[in-house]
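The data block below is my_file-v2.cif; it holds mmCIF, C-alpha atoms.
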```cif
data_input
loop_
_atom_site.label_atom_id
_atom_site.label_comp_id
_atom_site.auth_asym_id
_atom_site.auth_seq_id
_atom_site.Cartn_x
_atom_site.Cartn_y
_atom_site.Cartn_z
CA MET R 1 0.00 0.00 0.00
CA SER R 2 3.03 2.33 -0.12
CA GLY R 3 1.64 3.80 -3.36
CA LEU R 4 -1.05 5.56 -1.35
CA ALA R 5 1.25 8.47 -0.64
CA ALA R 6 2.49 8.89 -4.22
CA GLY R 7 1.98 12.16 -6.07
CA ALA R 8 2.05 14.62 -3.15
CA MET R 9 2.44 18.29 -4.04
CA MET R 10 2.60 21.60 -2.17
CA LEU R 11 -0.12 24.17 -2.86
CA SER R 12 -0.42 27.89 -2.20
CA SER R 13 -1.63 28.98 1.23
CA SER R 14 -2.36 32.58 0.32
CA ALA R 15 -6.17 32.49 0.06
CA THR R 16 -8.42 34.02 2.68
CA ALA R 17 -9.77 31.52 5.23
CA VAL R 18 -13.44 30.56 5.29
CA GLN R 19 -15.58 31.61 8.25
CA GLY R 20 -17.02 28.57 10.02
CA LYS R 21 -20.70 28.41 10.94
CA THR R 22 -20.03 27.53 14.59
CA PRO R 23 -17.58 29.01 17.15
CA ASN R 24 -13.93 28.07 16.52
CA ALA R 25 -14.87 26.24 13.32
CA VAL R 26 -12.67 26.96 10.31
CA PHE R 27 -15.33 25.34 8.16
CA ASP R 28 -18.58 23.60 9.04
CA LEU R 29 -20.38 21.77 6.22
CA ASP R 30 -23.83 20.38 7.03
CA PHE R 31 -24.71 19.85 3.34
CA SER R 32 -28.08 21.55 3.68
CA ASP R 33 -26.88 23.87 0.91
CA SER R 34 -25.65 22.61 -2.48
CA ALA R 35 -22.68 24.99 -2.11
CA ASP R 36 -21.28 22.65 0.57
CA ALA R 37 -20.60 20.05 -2.13
CA ALA R 38 -19.47 22.54 -4.82
CA ASP R 39 -16.11 22.63 -6.57
CA ASN R 40 -13.26 24.82 -5.36
CA THR R 41 -12.91 28.20 -7.09
CA SER R 42 -10.45 31.11 -6.98
CA THR R 43 -12.70 32.89 -4.47
CA SER R 44 -14.47 30.13 -2.55
CA ALA R 45 -13.52 27.00 -0.64
CA GLY R 46 -14.66 23.76 -2.19
CA TRP R 47 -13.84 20.32 -3.48
CA VAL R 48 -11.07 19.25 -5.88
CA VAL R 49 -10.80 15.82 -7.54
CA ASP R 50 -8.08 13.80 -5.80
CA ARG R 51 -7.28 10.72 -7.89
CA ARG R 52 -10.32 9.72 -9.89
CA ALA R 53 -13.62 11.60 -9.92
CA PRO R 54 -16.67 9.75 -8.62
CA GLU R 55 -19.72 9.57 -10.87
CA SER R 56 -21.39 12.26 -8.77
CA TRP R 57 -20.73 14.36 -5.66
CA THR R 58 -23.91 16.08 -4.50
CA THR R 59 -26.06 17.10 -1.57
CA ASP R 60 -29.02 14.82 -0.87
CA ALA R 61 -31.53 15.55 1.91
CA GLY R 62 -28.92 17.41 3.95
CA ARG R 63 -26.13 14.89 3.40
CA LEU R 64 -23.14 14.54 1.10
CA ARG R 65 -23.89 11.79 -1.41
CA ILE R 66 -21.03 10.12 -3.30
CA ASP R 67 -21.85 7.82 -6.22
CA ILE R 68 -19.01 5.64 -7.46
CA ASP R 69 -18.18 5.35 -11.15
CA GLU R 70 -18.13 1.55 -11.37
CA SER R 71 -16.87 1.65 -14.99
CA ALA R 72 -13.49 3.16 -13.95
CA GLU R 73 -10.34 1.42 -12.69
CA THR R 74 -10.77 -1.20 -9.98
CA SER R 75 -7.11 -1.63 -9.04
CA GLY R 76 -4.04 0.48 -8.42
CA PHE R 77 -3.73 4.20 -7.67
CA TYR R 78 -6.88 5.26 -9.54
CA ALA R 79 -9.17 2.70 -7.95
CA TYR R 80 -9.64 5.36 -5.26
CA GLN R 81 -12.33 7.87 -6.19
CA GLY R 82 -12.82 11.05 -4.22
CA LYS R 83 -12.26 14.73 -3.64
CA LYS R 84 -10.28 16.91 -1.24
CA TYR R 85 -11.62 19.97 0.56
CA GLN R 86 -9.42 23.06 0.23
CA ASP R 87 -9.69 26.77 0.95
CA ALA R 88 -10.26 29.23 -1.90
CA ASP R 89 -7.88 28.93 -4.85
CA GLY R 90 -6.70 25.52 -3.68
CA ALA R 91 -5.01 26.81 -0.51
CA TYR R 92 -4.21 24.71 2.53
CA TRP R 93 -6.07 25.20 5.83
CA ASN R 94 -2.91 25.27 8.02
CA ALA R 95 -4.70 24.23 11.22
CA GLY R 96 -2.19 23.48 13.99
CA ALA R 97 -1.91 21.13 16.95
CA GLY R 98 -5.11 20.76 18.97
CA SER R 99 -7.30 21.16 15.89
CA ARG R 100 -9.99 18.57 15.23
CA LEU R 101 -11.67 17.26 12.13
CA SER R 102 -15.04 15.65 12.74
CA TYR R 103 -17.60 14.12 10.42
CA ARG R 104 -20.43 11.60 10.28
CA PHE R 105 -20.45 8.49 8.10
CA TYR R 106 -23.37 6.22 7.24
CA ILE R 107 -22.95 2.45 7.51
CA ASP R 108 -25.55 0.94 5.18
CA PRO R 109 -26.96 -2.33 6.59
CA ALA R 110 -27.56 -3.56 3.03
CA TRP R 111 -23.80 -3.92 2.56
CA GLU R 112 -23.73 -7.03 4.76
CA THR R 113 -26.15 -8.96 2.53
CA ASP R 114 -25.50 -7.67 -1.01
CA SER R 115 -22.35 -9.80 -1.61
CA GLU R 116 -20.54 -6.72 -2.88
CA ALA R 117 -17.44 -5.02 -1.43
CA HIS R 118 -17.60 -1.50 0.06
CA GLU R 119 -14.85 0.73 1.46
CA SER R 120 -14.75 4.45 2.15
CA GLY R 121 -12.73 6.71 4.41
CA VAL R 122 -11.27 10.12 5.21
CA TRP R 123 -7.62 11.02 4.66
CA PRO R 124 -6.50 14.06 6.72
CA VAL R 125 -3.34 15.36 5.03
CA LEU R 126 -0.71 16.44 7.54
CA GLY R 127 2.06 18.97 6.95
CA ASP R 128 5.34 20.01 8.53
CA ALA R 129 6.14 23.51 9.80
CA ASN R 130 7.08 24.62 6.27
CA GLY R 131 3.74 23.54 4.82
CA ASN R 132 5.10 20.46 3.04
CA ILE R 133 2.99 17.28 3.09
CA SER R 134 4.35 14.95 5.79
CA ALA R 135 1.80 12.12 6.10
CA TYR R 136 -1.53 10.76 4.90
CA PRO R 137 -3.14 9.08 7.91
CA ILE R 138 -6.43 7.38 7.04
CA LEU R 139 -9.44 5.95 8.84
CA ALA R 140 -11.53 3.75 6.54
CA TYR R 141 -14.56 1.51 6.94
CA GLN R 142 -14.80 -1.84 5.14
CA ASP R 143 -17.80 -4.14 4.97
CA GLY R 144 -17.38 -7.91 5.35
CA ASP R 145 -16.90 -8.43 1.61
CA ALA R 146 -14.06 -5.88 1.35
CA SER R 147 -12.27 -6.96 4.53
CA ASP R 148 -9.71 -9.78 4.32
CA THR R 149 -11.02 -11.00 7.68
CA GLY R 150 -14.52 -11.46 6.31
CA GLU R 151 -15.83 -9.14 9.04
CA ALA R 152 -16.80 -5.47 8.82
CA ARG R 153 -14.17 -3.24 10.37
CA PHE R 154 -12.47 0.11 10.68
CA ARG R 155 -8.79 0.27 9.80
CA THR R 156 -6.16 2.99 9.94
CA TYR R 157 -3.17 3.70 7.71
CA VAL R 158 0.08 4.77 9.36
CA TYR R 159 3.73 5.42 8.54
CA GLU R 160 6.52 3.78 10.51
CA SER R 161 9.94 5.20 11.35
CA ASP R 162 13.15 3.85 12.86
CA GLU R 163 14.86 5.06 16.05
CA ASP R 164 16.40 7.94 14.08
CA GLY R 165 13.05 9.12 12.77
CA ASN R 166 13.62 7.87 9.22
CA PHE R 167 10.77 6.41 7.17
CA VAL R 168 10.91 2.61 7.04
CA GLY R 169 7.44 1.56 5.89
CA ASP R 170 3.69 1.95 6.02
CA GLU R 171 0.86 -0.36 6.95
CA TRP R 172 -2.85 -0.78 7.56
CA ILE R 173 -3.76 -1.50 11.18
CA ASP R 174 -6.97 -3.48 11.73
CA LEU R 175 -9.17 -1.85 14.38
CA GLY R 176 -12.12 -4.19 13.89
CA LEU R 177 -15.37 -3.03 15.48
CA PRO R 178 -14.48 -2.54 19.16
CA LYS R 179 -17.24 -3.75 21.47
CA LYS R 180 -17.22 -0.40 23.29
CA LEU R 181 -18.65 1.20 20.12
CA GLY R 182 -21.73 -1.01 20.03
CA ILE R 183 -21.81 -0.92 16.22
CA ASP R 184 -23.79 -3.66 14.49
CA PRO R 185 -23.04 -3.58 10.73
CA GLU R 186 -26.21 -5.52 10.02
CA ALA R 187 -28.23 -2.76 11.70
CA GLY R 188 -26.10 0.04 10.25
CA GLY R 189 -26.61 3.70 11.03
CA TRP R 190 -24.60 6.90 11.43
CA VAL R 191 -21.29 7.03 13.29
CA THR R 192 -19.37 10.16 14.29
CA VAL R 193 -15.62 10.21 13.68
CA GLU R 194 -13.07 12.68 15.01
CA ALA R 195 -9.38 13.13 14.21
CA GLN R 196 -7.53 15.26 16.77
CA LEU R 197 -4.05 16.54 15.94
CA GLN R 198 -2.09 16.12 19.18
CA SER R 199 1.26 17.78 19.81
CA LEU R 200 4.32 15.62 20.48
CA ASN R 201 8.00 16.31 21.16
CA ASP R 202 8.89 15.25 17.62
CA GLY R 203 5.88 16.68 15.77
CA ALA R 204 2.23 15.71 15.98
CA ALA R 205 0.07 12.66 15.39
CA LEU R 206 -3.62 11.84 15.40
CA LYS R 207 -6.02 10.51 17.97
CA TRP R 208 -8.96 8.86 16.23
CA ARG R 209 -12.31 8.71 18.02
CA ILE R 210 -15.52 7.04 16.91
CA ASP R 211 -18.73 8.07 18.68
CA ASN R 212 -16.53 9.95 21.20
CA ARG R 213 -14.52 6.84 22.13
CA LEU R 214 -10.78 6.63 21.49
CA VAL R 215 -10.05 3.84 19.00
CA PHE R 216 -6.46 4.61 17.95
CA ASP R 217 -3.62 6.81 19.17
CA GLU R 218 -0.94 7.32 16.52
CA ARG R 219 1.91 8.28 18.84
CA GLY R 220 4.98 6.49 17.51
CA TYR R 221 3.80 6.74 13.91
CA ASN R 222 3.95 9.42 11.19
CA VAL R 223 7.00 11.10 12.73
CA PHE R 224 9.62 10.54 10.01
CA SER R 225 8.78 14.03 8.71
CA PRO R 226 7.47 15.88 11.77
CA SER R 227 3.85 16.94 11.33
CA THR R 228 2.57 20.17 12.86
CA GLN R 229 -0.70 20.94 11.05
CA PHE R 230 -3.68 19.83 8.99
CA LEU R 231 -3.32 20.93 5.37
CA GLU R 232 -6.35 19.49 3.54
CA PHE R 233 -8.88 16.68 3.85
CA ILE R 234 -9.74 13.95 1.36
CA ILE R 235 -12.76 11.66 1.19
CA ASN R 236 -11.84 8.59 -0.86
CA SER R 237 -13.82 5.45 -1.69
CA VAL R 238 -12.64 2.33 -3.45
CA ASN R 239 -14.18 1.28 -6.76
CA PHE R 240 -14.85 -2.46 -6.68
CA GLY R 241 -16.84 -2.38 -9.91
CA ASN R 242 -20.09 -2.06 -7.96
CA ASP R 243 -22.80 0.58 -8.21
CA ALA R 244 -21.95 1.97 -4.76
CA THR R 245 -23.19 5.04 -2.85
CA TYR R 246 -21.67 6.57 0.31
CA TYR R 247 -23.07 9.25 2.63
CA TYR R 248 -21.20 11.75 4.84
CA ASP R 249 -22.43 14.69 6.90
CA ASP R 250 -21.34 17.45 9.33
CA PHE R 251 -17.79 17.81 7.98
CA THR R 252 -16.17 20.26 10.42
CA LEU R 253 -12.69 21.56 11.22
CA SER R 254 -12.31 23.22 14.64
CA THR R 255 -9.23 24.98 15.95
CA PRO R 256 -8.12 25.17 19.62
CA GLY R 257 -10.56 26.87 21.92
CA ASN R 258 -13.41 24.43 21.81
CA ALA R 259 -10.91 21.92 20.39
CA ARG R 260 -8.99 21.31 23.61
CA ASN R 261 -6.84 18.26 24.21
CA LYS R 262 -8.55 15.37 25.95
#
```

As structure tokens:
Amino acid sequence: MSGLAAGAMMLSSSATAVQGKTPNAVFDLDFSDSADAADNTSTSAGWVVDRRAPESWTTDAGRLRIDIDESAETSGFYAYQGKKYQDADGAYWNAGAGSRLSYRFYIDPAWETDSEAHESGVWPVLGDANGNISAYPILAYQDGDASDTGEARFRTYVYESDEDGNFVGDEWIDLGLPKKLGIDPEAGGWVTVEAQLQSLNDGAALKWRIDNRLVFDERGYNVFSPSTQFLEFIINSVNFGNDATYYYDDFTLSTPGNARNK
């Protein structure tokens, strides 16, 4: 999976920041307005195709609806279809330690009985103090048909370093469905996910929470190029050749203030 990080580039950070709808929010998308799913422009924040464009990216009854183009590639780099959210003119958000990204994701109970694979997740892009991309941590959900365990699960993607802080590899870590979450994939429903950028001596790493419960602490990972800030955020889904639809909602970035460490 080391190809996941290929093709990184640095973008301008000169655009004016967006005013969030709630206190201390840099942006707060509830998808009640079609503008929340609109493309990025030179004067407004919005979405930019990441690897391969989905068939559609729209608002639907106050949610973000993503329809996969099942006719596109089903393997390799471009099997991932999605978009990244950037400030106006493609600028980075530059949100530092203590900032939190939160969103809601819908687990469709039909996935467990349709004999088709499903996988979708969010990729917060981290940057170093100079604004260069340093890591692509990921939290993704797989149904039982996509998972190599045969069971629905969350999994996270991390980078490993040696004792000198040099990059030595990357891997997916299987989180399963911890009992403390009480998630039944056959019942489905909405889950709330949060990625908190916590400060460390050698940079920063993420704490992932699902429904306000800590599921993974990345200390010890992603430190080969010290991360200090969130740059942009990607929603990517895998094309398995199925006619798949994914729903997200309440996509919010908060900076310290109401985003205190915990």

| request: Might you pull out every residue within 8 Å of stretch 48-58 of chain R, with only C-alpha atoms counted and same-chain residues fewer than 5 positions away left off, and present them as a PyMOL selection string? | output: chain R and resi 34+37-40+64-69+77-86+90+234

| remark: Taken to one decimal, the atom CA of R:Asp170-atom CA of R:Thr245 distance is 28.5 Å

| task | Work out how far atom CA of R:Gly241 is from atom CA of R:Val158, in Å to one decimal. | result |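 Atom-to-atom, atom CA of R:Val158 and atom CA of R:Gly241 are spaced 26.6 Å apart.
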
| field | Distance query R:Ala195 at most 6 Å, all atoms listed in the file, self and fewer than 2 positions along chain excluded, as a VMD selection string | value | chain R and resid 100 to 101 207 to 208

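From atom CA of R:Thr255 back to atom CA of R:Val26, the distance works out to 6.9 Å.
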
| field | Expansion of the PyMOL selection byres ((chain R and resi 135-145) around 7) into residues, as a PyMOL selection string | value | chain R and resi 5+111-112+115-127+133-134+146-147+150-158+222

| Residue among R:Phe167, R:Ala25, R:Gln229, R:Ser44 lying closest to R:Ala97, counting all atoms listed in the file |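 Under the stated criterion, the closest residue is R:Gln229.
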